[in-house]
file input-v1.cif (mmCIF, C-alpha atoms and all ligand atoms)
data_work
loop_
_atom_site.group_PDB
_atom_site.id
_atom_site.type_symbol
_atom_site.label_atom_id
_atom_site.label_comp_id
_atom_site.auth_asym_id
_atom_site.auth_seq_id
_atom_site.Cartn_x
_atom_site.Cartn_y
_atom_site.Cartn_z
ATOM 1 C CA MET A 1005 12.236 -63.170 -131.130
ATOM 2 C CA SER A 1006 8.600 -63.493 -130.218
ATOM 3 C CA ARG A 1007 7.184 -66.310 -128.161
ATOM 4 C CA THR A 1008 5.144 -67.266 -131.192
ATOM 5 C CA GLY A 1009 8.208 -66.964 -133.419
ATOM 6 C CA THR A 1010 6.386 -64.689 -135.893
ATOM 7 C CA ALA A 1011 7.939 -61.257 -135.411
ATOM 8 C CA THR A 1012 6.402 -58.710 -137.751
ATOM 9 C CA ALA A 1013 8.552 -58.445 -140.855
ATOM 10 C CA PRO A 1014 9.869 -54.940 -141.651
ATOM 11 C CA SER A 1015 8.109 -55.060 -145.020
ATOM 12 C CA LEU A 1016 4.743 -55.764 -143.381
ATOM 13 C CA ARG A 1017 5.372 -52.994 -140.869
ATOM 14 C CA ASP A 1018 6.072 -50.562 -143.712
ATOM 15 C CA ARG A 1019 3.000 -51.701 -145.605
ATOM 16 C CA LEU A 1020 0.824 -51.092 -142.537
ATOM 17 C CA ARG A 1021 2.401 -47.665 -142.045
ATOM 18 C CA GLY A 1022 1.693 -46.792 -145.662
ATOM 19 C CA GLN A 1023 -1.903 -47.967 -145.402
ATOM 20 C CA LEU A 1024 -2.573 -46.027 -142.203
ATOM 21 C CA ALA A 1025 -1.025 -42.899 -143.719
ATOM 22 C CA ASP A 1026 -3.108 -43.377 -146.870
ATOM 23 C CA LEU A 1027 -6.261 -43.731 -144.768
ATOM 24 C CA LYS A 1028 -5.269 -40.620 -142.793
ATOM 25 C CA MET A 1029 -5.203 -42.421 -139.468
ATOM 26 C CA PRO A 1030 -2.406 -40.613 -137.592
ATOM 27 C CA GLY A 1031 -3.522 -41.859 -134.174
ATOM 28 C CA ALA A 1032 -3.283 -45.476 -135.301
ATOM 29 C CA LEU A 1033 -0.018 -44.760 -137.099
ATOM 30 C CA GLU A 1034 1.513 -43.440 -133.921
ATOM 31 C CA ALA A 1035 0.307 -46.429 -131.904
ATOM 32 C CA LEU A 1036 1.366 -49.013 -134.520
ATOM 33 C CA ASP A 1037 4.945 -49.699 -133.433
ATOM 34 C CA ASP A 1038 4.029 -50.232 -129.808
ATOM 35 C CA ILE A 1039 1.095 -52.491 -130.719
ATOM 36 C CA LEU A 1040 3.254 -54.593 -133.073
ATOM 37 C CA ARG A 1041 5.965 -54.849 -130.414
ATOM 38 C CA ARG A 1042 3.408 -56.233 -127.969
ATOM 39 C CA VAL A 1043 2.027 -58.617 -130.597
ATOM 40 C CA ASP A 1044 5.579 -59.830 -131.288
ATOM 41 C CA GLY A 1045 6.160 -60.207 -127.564
ATOM 42 C CA GLY A 1046 3.060 -62.388 -127.276
ATOM 43 C CA GLU A 1047 1.354 -59.835 -125.029
ATOM 44 C CA LEU A 1048 -1.440 -59.034 -127.488
ATOM 45 C CA ALA A 1049 -3.603 -61.362 -129.526
ATOM 46 C CA ALA A 1050 -4.436 -60.344 -133.099
ATOM 47 C CA GLY A 1051 -8.031 -59.330 -132.326
ATOM 48 C CA GLU A 1052 -7.007 -57.190 -129.365
ATOM 49 C CA ALA A 1053 -4.259 -55.571 -131.457
ATOM 50 C CA LEU A 1054 -6.803 -54.561 -134.094
ATOM 51 C CA ALA A 1055 -9.137 -53.194 -131.425
ATOM 52 C CA GLN A 1056 -6.314 -51.131 -129.915
ATOM 53 C CA LEU A 1057 -5.221 -49.817 -133.303
ATOM 54 C CA LEU A 1058 -8.734 -48.670 -134.174
ATOM 55 C CA GLY A 1059 -9.183 -47.379 -130.622
ATOM 56 C CA ALA A 1060 -6.090 -45.177 -131.037
ATOM 57 C CA HIS A 1061 -7.574 -43.770 -134.226
ATOM 58 C CA ILE A 1062 -10.949 -43.062 -132.621
ATOM 59 C CA THR A 1063 -9.370 -41.412 -129.558
ATOM 60 C CA LEU A 1064 -7.363 -38.971 -131.666
ATOM 61 C CA ARG A 1065 -10.265 -38.321 -134.048
ATOM 62 C CA ASN A 1066 -12.620 -37.542 -131.140
ATOM 63 C CA ALA A 1067 -10.051 -35.264 -129.513
ATOM 64 C CA ARG A 1068 -9.713 -33.344 -132.784
ATOM 65 C CA ARG A 1069 -13.474 -33.128 -133.267
ATOM 66 C CA LEU A 1070 -13.794 -31.804 -129.743
ATOM 67 C CA GLN A 1071 -11.035 -29.254 -130.299
ATOM 68 C CA THR A 1072 -12.836 -27.964 -133.400
ATOM 69 C CA ALA A 1073 -16.178 -27.999 -131.600
ATOM 70 C CA MET A 1074 -14.748 -26.031 -128.682
ATOM 71 C CA ARG A 1075 -14.319 -23.197 -131.162
ATOM 72 C CA SER A 1076 -17.320 -23.602 -133.454
ATOM 73 C CA ALA A 1077 -19.791 -24.769 -130.801
ATOM 74 C CA ARG A 1078 -18.537 -22.157 -128.306
ATOM 75 C CA LEU A 1079 -18.323 -24.694 -125.504
ATOM 76 C CA PRO A 1080 -17.038 -22.682 -122.522
ATOM 77 C CA VAL A 1081 -15.345 -25.676 -120.896
ATOM 78 C CA VAL A 1082 -15.205 -29.448 -121.286
ATOM 79 C CA LYS A 1083 -17.285 -31.448 -118.806
ATOM 80 C CA THR A 1084 -17.808 -35.163 -119.079
ATOM 81 C CA LEU A 1085 -20.129 -37.768 -117.682
ATOM 82 C CA GLY A 1086 -17.123 -39.404 -116.034
ATOM 83 C CA ASP A 1087 -16.565 -36.243 -113.946
ATOM 84 C CA PHE A 1088 -20.136 -36.240 -112.669
ATOM 85 C CA ASP A 1089 -20.494 -37.562 -109.130
ATOM 86 C CA PHE A 1090 -23.897 -39.260 -109.054
ATOM 87 C CA SER A 1091 -23.594 -40.050 -105.365
ATOM 88 C CA PHE A 1092 -23.578 -36.308 -104.625
ATOM 89 C CA GLN A 1093 -26.855 -35.794 -106.533
ATOM 90 C CA PRO A 1094 -29.146 -38.788 -105.860
ATOM 91 C CA SER A 1095 -32.124 -37.173 -107.646
ATOM 92 C CA VAL A 1096 -30.214 -37.589 -110.918
ATOM 93 C CA LYS A 1097 -30.862 -41.080 -112.250
ATOM 94 C CA ARG A 1098 -27.654 -42.548 -113.611
ATOM 95 C CA GLU A 1099 -29.491 -44.844 -116.075
ATOM 96 C CA GLN A 1100 -31.434 -41.938 -117.561
ATOM 97 C CA ILE A 1101 -28.313 -39.781 -117.985
ATOM 98 C CA GLU A 1102 -26.224 -42.639 -119.388
ATOM 99 C CA SER A 1103 -28.999 -43.521 -121.806
ATOM 100 C CA LEU A 1104 -29.183 -39.889 -122.982
ATOM 101 C CA HIS A 1105 -25.412 -40.029 -123.624
ATOM 102 C CA THR A 1106 -25.987 -42.764 -126.232
ATOM 103 C CA LEU A 1107 -27.434 -39.853 -128.251
ATOM 104 C CA GLY A 1108 -30.571 -41.599 -129.513
ATOM 105 C CA PHE A 1109 -32.487 -38.437 -128.594
ATOM 106 C CA LEU A 1110 -30.706 -36.612 -131.412
ATOM 107 C CA GLU A 1111 -31.963 -39.085 -134.021
ATOM 108 C CA ARG A 1112 -35.474 -38.772 -132.619
ATOM 109 C CA LYS A 1113 -35.194 -34.952 -132.499
ATOM 110 C CA GLU A 1114 -36.129 -34.966 -128.826
ATOM 111 C CA ASN A 1115 -35.360 -32.158 -126.409
ATOM 112 C CA ILE A 1116 -33.905 -32.258 -122.916
ATOM 113 C CA VAL A 1117 -34.803 -29.814 -120.170
ATOM 114 C CA LEU A 1118 -32.640 -29.743 -117.045
ATOM 115 C CA LEU A 1119 -34.359 -28.013 -114.149
ATOM 116 C CA GLY A 1120 -33.095 -27.237 -110.673
ATOM 117 C CA PRO A 1121 -31.596 -24.690 -108.300
ATOM 118 C CA PRO A 1122 -28.084 -23.206 -108.645
ATOM 119 C CA GLY A 1123 -25.032 -25.455 -108.638
ATOM 120 C CA VAL A 1124 -26.775 -28.825 -108.981
ATOM 121 C CA GLY A 1125 -25.074 -29.755 -112.265
ATOM 122 C CA LYS A 1126 -27.475 -28.575 -114.996
ATOM 123 C CA THR A 1127 -24.770 -26.932 -117.101
ATOM 124 C CA HIS A 1128 -22.333 -29.766 -116.360
ATOM 125 C CA LEU A 1129 -24.732 -32.382 -117.775
ATOM 126 C CA ALA A 1130 -25.724 -30.158 -120.718
ATOM 127 C CA LEU A 1131 -22.030 -29.714 -121.536
ATOM 128 C CA SER A 1132 -21.202 -33.390 -121.240
ATOM 129 C CA LEU A 1133 -24.023 -34.149 -123.709
ATOM 130 C CA ALA A 1134 -22.687 -31.416 -125.986
ATOM 131 C CA VAL A 1135 -19.180 -32.908 -125.760
ATOM 132 C CA ALA A 1136 -20.492 -36.402 -126.591
ATOM 133 C CA THR A 1137 -22.421 -34.953 -129.539
ATOM 134 C CA ALA A 1138 -19.370 -33.068 -130.829
ATOM 135 C CA GLU A 1139 -17.215 -36.193 -130.471
ATOM 136 C CA SER A 1140 -19.750 -38.088 -132.558
ATOM 137 C CA GLY A 1141 -19.051 -35.635 -135.379
ATOM 138 C CA ARG A 1142 -22.350 -33.770 -135.177
ATOM 139 C CA ARG A 1143 -22.718 -30.009 -135.135
ATOM 140 C CA VAL A 1144 -23.305 -28.381 -131.748
ATOM 141 C CA TYR A 1145 -23.972 -24.814 -130.657
ATOM 142 C CA PHE A 1146 -23.793 -23.716 -127.018
ATOM 143 C CA THR A 1147 -25.128 -20.400 -125.751
ATOM 144 C CA THR A 1148 -26.732 -18.783 -122.758
ATOM 145 C CA LEU A 1149 -30.246 -17.439 -123.304
ATOM 146 C CA ALA A 1150 -28.987 -13.881 -122.707
ATOM 147 C CA ASP A 1151 -26.284 -14.194 -125.400
ATOM 148 C CA LEU A 1152 -28.690 -15.857 -127.801
ATOM 149 C CA LEU A 1153 -31.264 -13.098 -127.473
ATOM 150 C CA HIS A 1154 -28.576 -10.459 -127.830
ATOM 151 C CA SER A 1155 -27.431 -12.015 -131.106
ATOM 152 C CA LEU A 1156 -31.000 -12.374 -132.397
ATOM 153 C CA GLU A 1157 -31.838 -8.765 -131.525
ATOM 154 C CA GLU A 1158 -28.668 -7.595 -133.279
ATOM 155 C CA ALA A 1159 -29.540 -9.634 -136.355
ATOM 156 C CA GLN A 1160 -33.053 -8.190 -136.372
ATOM 157 C CA ALA A 1161 -31.735 -4.633 -136.135
ATOM 158 C CA ALA A 1162 -29.405 -5.349 -139.059
ATOM 159 C CA GLY A 1163 -32.203 -6.884 -141.160
ATOM 160 C CA ARG A 1164 -30.553 -10.329 -140.999
ATOM 161 C CA LEU A 1165 -32.996 -12.109 -138.692
ATOM 162 C CA THR A 1166 -34.206 -14.703 -141.208
ATOM 163 C CA HIS A 1167 -30.632 -15.618 -142.067
ATOM 164 C CA ARG A 1168 -29.631 -15.807 -138.398
ATOM 165 C CA LEU A 1169 -32.622 -18.005 -137.534
ATOM 166 C CA ARG A 1170 -31.802 -20.306 -140.441
ATOM 167 C CA THR A 1171 -28.222 -20.640 -139.172
ATOM 168 C CA LEU A 1172 -29.440 -21.486 -135.675
ATOM 169 C CA VAL A 1173 -31.805 -24.196 -136.914
ATOM 170 C CA PHE A 1174 -28.897 -25.998 -138.557
ATOM 171 C CA PRO A 1175 -26.948 -27.443 -135.528
ATOM 172 C CA THR A 1176 -27.966 -31.009 -134.646
ATOM 173 C CA LEU A 1177 -27.806 -29.970 -130.997
ATOM 174 C CA MET A 1178 -28.299 -26.550 -129.511
ATOM 175 C CA VAL A 1179 -27.755 -25.950 -125.794
ATOM 176 C CA ILE A 1180 -29.486 -22.915 -124.327
ATOM 177 C CA ASP A 1181 -28.213 -22.380 -120.809
ATOM 178 C CA GLU A 1182 -29.502 -20.227 -117.947
ATOM 179 C CA ILE A 1183 -33.155 -19.620 -118.705
ATOM 180 C CA GLY A 1184 -34.615 -17.674 -115.833
ATOM 181 C CA TYR A 1185 -31.685 -15.772 -114.342
ATOM 182 C CA LEU A 1186 -31.847 -12.593 -116.405
ATOM 183 C CA PRO A 1187 -34.924 -10.600 -117.421
ATOM 184 C CA ILE A 1188 -36.083 -10.909 -121.026
ATOM 185 C CA THR A 1189 -37.603 -8.174 -123.145
ATOM 186 C CA ARG A 1190 -40.839 -8.800 -124.992
ATOM 187 C CA THR A 1191 -38.945 -8.680 -128.295
ATOM 188 C CA GLY A 1192 -36.432 -11.185 -126.915
ATOM 189 C CA ALA A 1193 -39.230 -13.526 -125.894
ATOM 190 C CA MET A 1194 -40.793 -13.348 -129.358
ATOM 191 C CA LEU A 1195 -37.471 -14.032 -131.044
ATOM 192 C CA PHE A 1196 -36.826 -17.002 -128.774
ATOM 193 C CA PHE A 1197 -40.274 -18.374 -129.558
ATOM 194 C CA GLN A 1198 -39.592 -18.086 -133.294
ATOM 195 C CA LEU A 1199 -36.329 -19.990 -132.946
ATOM 196 C CA MET A 1200 -37.839 -22.771 -130.856
ATOM 197 C CA ALA A 1201 -40.811 -23.066 -133.222
ATOM 198 C CA ARG A 1202 -38.345 -23.567 -136.099
ATOM 199 C CA ARG A 1203 -36.259 -26.144 -134.263
ATOM 200 C CA TYR A 1204 -39.368 -28.014 -133.072
ATOM 201 C CA GLU A 1205 -39.347 -31.542 -134.569
ATOM 202 C CA HIS A 1206 -36.378 -30.513 -136.705
ATOM 203 C CA ALA A 1207 -33.421 -30.731 -134.312
ATOM 204 C CA SER A 1208 -32.800 -31.294 -130.596
ATOM 205 C CA THR A 1209 -32.359 -28.565 -128.037
ATOM 206 C CA ILE A 1210 -31.153 -28.826 -124.436
ATOM 207 C CA LEU A 1211 -32.367 -26.109 -122.092
ATOM 208 C CA THR A 1212 -31.394 -25.467 -118.515
ATOM 209 C CA SER A 1213 -33.391 -23.415 -116.051
ATOM 210 C CA ASN A 1214 -33.591 -22.633 -112.369
ATOM 211 C CA LYS A 1215 -37.324 -21.983 -112.757
ATOM 212 C CA SER A 1216 -40.161 -24.480 -113.067
ATOM 213 C CA PHE A 1217 -42.297 -24.390 -116.243
ATOM 214 C CA GLU A 1218 -45.090 -22.725 -114.277
ATOM 215 C CA GLU A 1219 -42.775 -19.736 -113.790
ATOM 216 C CA TRP A 1220 -41.803 -19.408 -117.451
ATOM 217 C CA GLY A 1221 -44.737 -17.081 -118.124
ATOM 218 C CA GLU A 1222 -43.124 -14.674 -115.695
ATOM 219 C CA ILE A 1223 -39.686 -15.045 -117.316
ATOM 220 C CA PHE A 1224 -41.028 -14.395 -120.807
ATOM 221 C CA GLY A 1225 -43.538 -11.757 -119.700
ATOM 222 C CA ASP A 1226 -46.338 -13.499 -121.593
ATOM 223 C CA GLU A 1227 -48.282 -16.473 -120.214
ATOM 224 C CA VAL A 1228 -49.819 -17.405 -123.571
ATOM 225 C CA MET A 1229 -46.521 -17.439 -125.444
ATOM 226 C CA ALA A 1230 -44.769 -19.299 -122.619
ATOM 227 C CA ALA A 1231 -47.515 -21.936 -122.649
ATOM 228 C CA ALA A 1232 -47.152 -22.372 -126.431
ATOM 229 C CA LEU A 1233 -43.377 -22.594 -126.037
ATOM 230 C CA VAL A 1234 -43.521 -25.167 -123.236
ATOM 231 C CA ASP A 1235 -46.114 -27.119 -125.241
ATOM 232 C CA ARG A 1236 -43.697 -27.499 -128.186
ATOM 233 C CA LEU A 1237 -40.726 -28.130 -125.932
ATOM 234 C CA VAL A 1238 -42.211 -30.933 -123.872
ATOM 235 C CA HIS A 1239 -43.933 -32.701 -126.790
ATOM 236 C CA HIS A 1240 -40.816 -34.836 -127.403
ATOM 237 C CA CYS A 1241 -38.813 -34.179 -124.292
ATOM 238 C CA HIS A 1242 -36.781 -35.679 -121.467
ATOM 239 C CA ILE A 1243 -37.225 -33.635 -118.321
ATOM 240 C CA VAL A 1244 -34.489 -33.973 -115.721
ATOM 241 C CA ASN A 1245 -35.555 -32.475 -112.418
ATOM 242 C CA ILE A 1246 -32.584 -32.067 -110.129
ATOM 243 C CA CYS A 1247 -33.368 -31.357 -106.518
ATOM 244 C CA GLY A 1248 -30.403 -31.308 -104.221
ATOM 245 C CA ASN A 1249 -27.549 -29.256 -102.857
ATOM 246 C CA SER A 1250 -25.221 -27.012 -104.798
ATOM 247 C CA TYR A 1251 -21.982 -28.773 -105.670
ATOM 248 C CA ARG A 1252 -20.295 -25.370 -105.491
ATOM 249 C CA LEU A 1253 -21.239 -25.119 -101.800
ATOM 250 C CA ARG A 1254 -20.455 -28.725 -100.881
ATOM 251 C CA GLN A 1255 -17.699 -27.683 -98.511
ATOM 252 C CA HIS A 1256 -19.886 -25.003 -96.927
ATOM 253 C CA ALA A 1257 -22.831 -26.912 -95.516
ATOM 254 C CA ASP A 1258 -23.901 -24.096 -93.183
ATOM 255 C CA LEU A 1259 -23.915 -21.512 -95.919
ATOM 256 C CA ALA A 1260 -25.796 -23.897 -98.208
ATOM 257 C CA ARG A 1261 -28.467 -24.317 -95.541
ATOM 258 C CA ARG A 1262 -28.738 -20.565 -95.015
ATOM 259 C CA LEU A 1263 -29.106 -19.982 -98.758
ATOM 260 C CA HIS A 1264 -31.830 -22.639 -98.883
ATOM 261 C CA THR A 1265 -30.060 -24.511 -101.621
ATOM 262 C CA ALA A 1266 -31.351 -27.747 -100.200
ATOM 263 C CA PRO A 1267 -34.816 -27.049 -101.561
ATOM 264 C CA GLU A 1268 -38.189 -28.565 -101.134
ATOM 265 C CA PRO A 1269 -38.415 -31.235 -103.851
ATOM 266 C CA ALA A 1270 -38.391 -28.989 -106.907
ATOM 267 C CA ASP A 1271 -41.098 -29.246 -109.478
ATOM 268 C CA GLN A 1272 -43.106 -32.072 -108.041
ATOM 269 C CA ARG A 1273 -45.968 -30.248 -109.725
ATOM 270 C CA LYS A 1274 -44.468 -31.045 -113.103
ATOM 271 C CA GLU A 1275 -44.536 -34.780 -112.507
ATOM 272 C CA GLY A 1276 -47.530 -35.038 -114.783
ATOM 273 C CA ARG A 1277 -45.499 -33.746 -117.705
ATOM 274 C CA ARG A 1278 -42.701 -36.264 -117.352
ATOM 275 C CA ARG A 1279 -42.543 -38.954 -119.982
HETATM 276 N N1 LIG A 1301 -22.627 -34.100 -109.224
HETATM 277 C C1 LIG A 1301 -21.536 -33.413 -109.602
HETATM 278 N N2 LIG A 1301 -20.333 -34.039 -109.720
HETATM 279 C C2 LIG A 1301 -19.222 -33.355 -110.052
HETATM 280 N N3 LIG A 1301 -19.198 -32.023 -110.314
HETATM 281 C C3 LIG A 1301 -20.360 -31.354 -110.228
HETATM 282 C C4 LIG A 1301 -21.584 -32.006 -109.884
HETATM 283 N N4 LIG A 1301 -22.560 -31.091 -109.869
HETATM 284 C C5 LIG A 1301 -21.999 -29.939 -110.225
HETATM 285 N N5 LIG A 1301 -20.670 -30.067 -110.427
HETATM 286 C C6 LIG A 1301 -19.708 -29.004 -110.713
HETATM 287 O O1 LIG A 1301 -20.095 -27.880 -109.920
HETATM 288 C C7 LIG A 1301 -20.044 -26.683 -110.665
HETATM 289 C C8 LIG A 1301 -21.450 -26.083 -110.772
HETATM 290 O O2 LIG A 1301 -22.251 -26.965 -111.562
HETATM 291 P P1 LIG A 1301 -23.133 -26.415 -112.772
HETATM 292 O O3 LIG A 1301 -22.470 -25.231 -113.383
HETATM 293 O O4 LIG A 1301 -23.462 -27.533 -113.675
HETATM 294 O O5 LIG A 1301 -24.418 -25.964 -111.973
HETATM 295 P P2 LIG A 1301 -25.800 -25.396 -112.528
HETATM 296 O O6 LIG A 1301 -26.864 -26.311 -112.073
HETATM 297 O O7 LIG A 1301 -25.690 -25.139 -113.973
HETATM 298 O O8 LIG A 1301 -25.922 -24.050 -111.693
HETATM 299 P P3 LIG A 1301 -26.463 -22.594 -112.147
HETATM 300 O O9 LIG A 1301 -27.967 -22.676 -112.128
HETATM 301 O O10 LIG A 1301 -25.947 -21.687 -111.086
HETATM 302 O O11 LIG A 1301 -25.934 -22.274 -113.504
HETATM 303 C C9 LIG A 1301 -19.431 -27.049 -112.003
HETATM 304 O O12 LIG A 1301 -18.031 -26.876 -111.908
HETATM 305 C C10 LIG A 1301 -19.766 -28.530 -112.153
HETATM 306 O O13 LIG A 1301 -18.808 -29.202 -112.962
HETATM 307 MG MG MG A 1302 -25.503 -23.381 -115.056
#

call {"tool": "encode", "arguments": {"input": "input-v1.cif", "output": "structure tokens"}}
result
Amino acid sequence: MSRTGTATAPSLRDRLRGQLADLKMPGALEALDDILRRVDGGELAAGEALAQLLGAHITLRNARRLQTAMRSARLPVVKTLGDFDFSFQPSVKREQIESLHTLGFLERKENIVLLGPPGVGKTHLALSLAVATAESGRRVYFTTLADLLHSLEEAQAAGRLTHRLRTLVFPTLMVIDEIGYLPITRTGAMLFFQLMARRYEHASTILTSNKSFEEWGEIFGDEVMAAALVDRLVHHCHIVNICGNSYRLRQHADLARRLHTAPEPADQRKEGRRR
């Protein structure tokens, strides 16, 4: 008997089960009995019970979306904002990163560029934004620049470039990781430019790089093209400059110092381009 004396009648319980099954809400269905038990026990008020029921549905739905996205978006691993230790990387502004995770940038078709030396969390933050985007039910595609260029060059050789480019314009969010580590051929640079020109003002892209924009001419082997690329990229763009130590080397302070991973404040020169 509940404290309120209104234990859920079996018929009501069955009706709720039927409704949740009809609405295809398996997460809520699974949580129902426990929630009703706590309502009957006077532990949960009606409003809180509803919130928990819907919460159970959303949790399972997001987990399923993420599972699907892990395959279709090619996310290599799941990283979340909750796992990111802001105290380790003071140059990363918590408010800016949290605000980006509300995903307004996707609606506004804005880009994000994460810049900084190795191990400072560029890929981690790009992935956590990709995870949040996938959980919101939007289409995501994750790739390294090297893999992307390989696939574009293959498509070009097979006469399928236009089709491939069209496919890559479609995802609401594209993450292009590791710009600057591997050399790029002139053809690769041209293909990348074509893709970014198509996505410009059409859909958001997150890029990560260990090189400042001033060095992109060198990466792409063409100053003029790199300038045109950066121009499009930064037009509607959040630039996150991370200057700090490598998280990978956090237990090896001496080695970190020897490798100069505690850099001079990276990209101060780009301050003018920040929004
Ligand atoms: N502030 C942090 N809090 C928690 N984990 C972190 C943080 N920064 C980085 N990491 C972890 O450290 C590892 C390296 O980070 P990440 O891959 O994001 O670095 P990166 O900046 O992309 O480096 P690289 O340029 O070498 O690709 C990852 O496992 C990541 O989850
Ligand atoms: Mg990385």

call {"tool": "residues_near_ligand", "arguments": {"input": "input-v1.cif", "ligand": "ligand MG 1302 (chain A)", "cutoff": "8 Å", "atoms": "all atoms listed in the file", "output": "PDB file with C-alpha atoms, keeping the file's coordinate frame"}}
result
ATOM      1  CA  PRO A1122     -28.084 -23.206-108.645  1.00  0.00           C
ATOM      2  CA  GLY A1123     -25.032 -25.455-108.638  1.00  0.00           C
ATOM      3  CA  GLY A1125     -25.074 -29.755-112.265  1.00  0.00           C
ATOM      4  CA  LYS A1126     -27.475 -28.575-114.996  1.00  0.00           C
ATOM      5  CA  THR A1127     -24.770 -26.932-117.101  1.00  0.00           C
ATOM      6  CA  HIS A1128     -22.333 -29.766-116.360  1.00  0.00           C
ATOM      7  CA  ASP A1181     -28.213 -22.380-120.809  1.00  0.00           C
ATOM      8  CA  GLU A1182     -29.502 -20.227-117.947  1.00  0.00           C
ATOM      9  CA  THR A1212     -31.394 -25.467-118.515  1.00  0.00           C
ATOM     10  CA  SER A1213     -33.391 -23.415-116.051  1.00  0.00           C
TER      11      SER A1213
END

call {"tool": "resolve_selection", "arguments": {"input": "input-v1.cif", "expression": "the PyMOL selection byres (((chain A and resi 1097-1110) around 10) and not hetatm)", "output": "number ranges by chain"}}
result
A: 1085, 1088-1091, 1093-1096, 1111-1116, 1129, 1132-1137, 1140, 1142, 1176-1177, 1206-1209, 1240-1242, 1244-1246

call {"tool": "closest_residue", "arguments": {"input": "input-v1.cif", "among": "A:Leu1156, A:Leu1211, A:Leu1020, A:Ala1077", "to": "ligand LIG 1301 (chain A)", "atoms": "all atoms listed in the file"}}
result
A:Leu1211

call {"tool": "residues_around", "arguments": {"input": "input-v1.cif", "residues": "region 1228-1238 of chain A", "least_positions_apart": "5", "cutoff": "10 Å", "atoms": "only C-alpha atoms", "output": "ChimeraX atom specification"}}
result
/A:1114-1117,1193-1194,1196-1198,1200-1201,1203-1205,1208-1211,1217-1223,1243,1277-1279

call {"tool": "residues_around", "arguments": {"input": "input-v1.cif", "residues": "region 1035-1046 of chain A", "least_positions_apart": "2", "cutoff": "12 Å", "atoms": "only C-alpha atoms", "output": "PyMOL selection string"}}
result
chain A and resi 1005-1014+1016-1025+1029-1033+1048-1064

call {"tool": "resolve_selection", "arguments": {"input": "input-v1.cif", "expression": "the PyMOL selection byres (((chain A and resi 1154) around 12) and not hetatm)", "output": "PyMOL selection string"}}
result
chain A and resi 1147-1153+1155-1161+1165+1168+1188-1189+1191-1193+1195-1196

call {"tool": "closest_residue", "arguments": {"input": "input-v1.cif", "among": "A:Leu1118, A:Val1144, A:Ala1067, A:Val1124", "to": "ligand LIG 1301 (chain A)", "atoms": "only C-alpha atoms and all ligand atoms"}}
result
A:Val1124

call {"tool": "atom_distance", "arguments": {"input": "input-v1.cif", "atom1": "CA of Lys1028 (chain A)", "atom2": "CA of Arg1075 (chain A)"}}
result
22.8 Å

call {"tool": "atom_distance", "arguments": {"input": "input-v1.cif", "atom1": "CA of Lys1215 (chain A)", "atom2": "atom O3 of ligand LIG 1301 (chain A)"}}
result
15.2 Å

call {"tool": "closest_residue", "arguments": {"input": "input-v1.cif", "among": "A:Glu1047, A:Thr1171, A:Tyr1145, A:Leu1131", "to": "ligand LIG 1301 (chain A)", "atoms": "all atoms listed in the file"}}
result
A:Leu1131

call {"tool": "closest_residue", "arguments": {"input": "input-v1.cif", "among": "A:Phe1146, A:Phe1092, A:Phe1224, A:Phe1174", "to": "ligand LIG 1301 (chain A)", "atoms": "only C-alpha atoms and all ligand atoms"}}
result
A:Phe1092

call {"tool": "atom_distance", "arguments": {"input": "input-v1.cif", "atom1": "atom O13 of ligand LIG 1301 (chain A)", "atom2": "CA of Leu1172 (chain A)"}}
result
26.2 Å

call {"tool": "axis_aligned_box", "arguments": {"input": "input-v1.cif", "around": "region 1112-1118 of chain A", "padding_each_side": "8 Å", "output": "lines of an AutoDock Vina configuration file"}}
result
center_x = -34.4
center_y = -34.3
center_z = -124.8
size_x = 19.5
size_y = 25.0
size_z = 31.6

call {"tool": "closest_residue", "arguments": {"input": "input-v1.cif", "among": "A:Leu1253, A:Leu1199, A:Ala1162, A:Met1178", "to": "ligand LIG 1301 (chain A)", "atoms": "all atoms listed in the file"}}
result
A:Leu1253

call {"tool": "closest_residue", "arguments": {"input": "input-v1.cif", "among": "A:Ala1073, A:Val1082, A:Val1173, A:Leu1259", "to": "ligand LIG 1301 (chain A)", "atoms": "only C-alpha atoms and all ligand atoms"}}
result
A:Val1082

call {"tool": "decode", "arguments": {"input": "input-v1.cif", "residues": "region 1168-1174 of chain A", "atoms": "N, CA and C atoms", "output": "compact mmCIF listing (two decimals), in the first residue's frame"}}
result
# COMPACT_ATOMS: atom_id res chain seq x y z
N ARG A 1168 31.11 11.62 -55.24
CA ARG A 1168 31.76 11.54 -53.92
C ARG A 1168 31.66 12.90 -53.20
N LEU A 1169 31.92 13.97 -53.94
CA LEU A 1169 31.85 15.31 -53.33
C LEU A 1169 30.43 15.59 -52.85
N ARG A 1170 29.45 15.18 -53.67
CA ARG A 1170 28.05 15.41 -53.28
C ARG A 1170 27.74 14.66 -51.98
N THR A 1171 28.24 13.45 -51.87
CA THR A 1171 28.01 12.65 -50.65
C THR A 1171 28.63 13.34 -49.44
N LEU A 1172 29.80 13.93 -49.64
CA LEU A 1172 30.52 14.52 -48.51
C LEU A 1172 29.97 15.90 -48.13
N VAL A 1173 29.14 16.48 -48.96
CA VAL A 1173 28.52 17.76 -48.61
C VAL A 1173 27.31 17.51 -47.72
N PHE A 1174 26.78 16.31 -47.81
CA PHE A 1174 25.52 15.97 -47.15
C PHE A 1174 25.56 15.98 -45.60
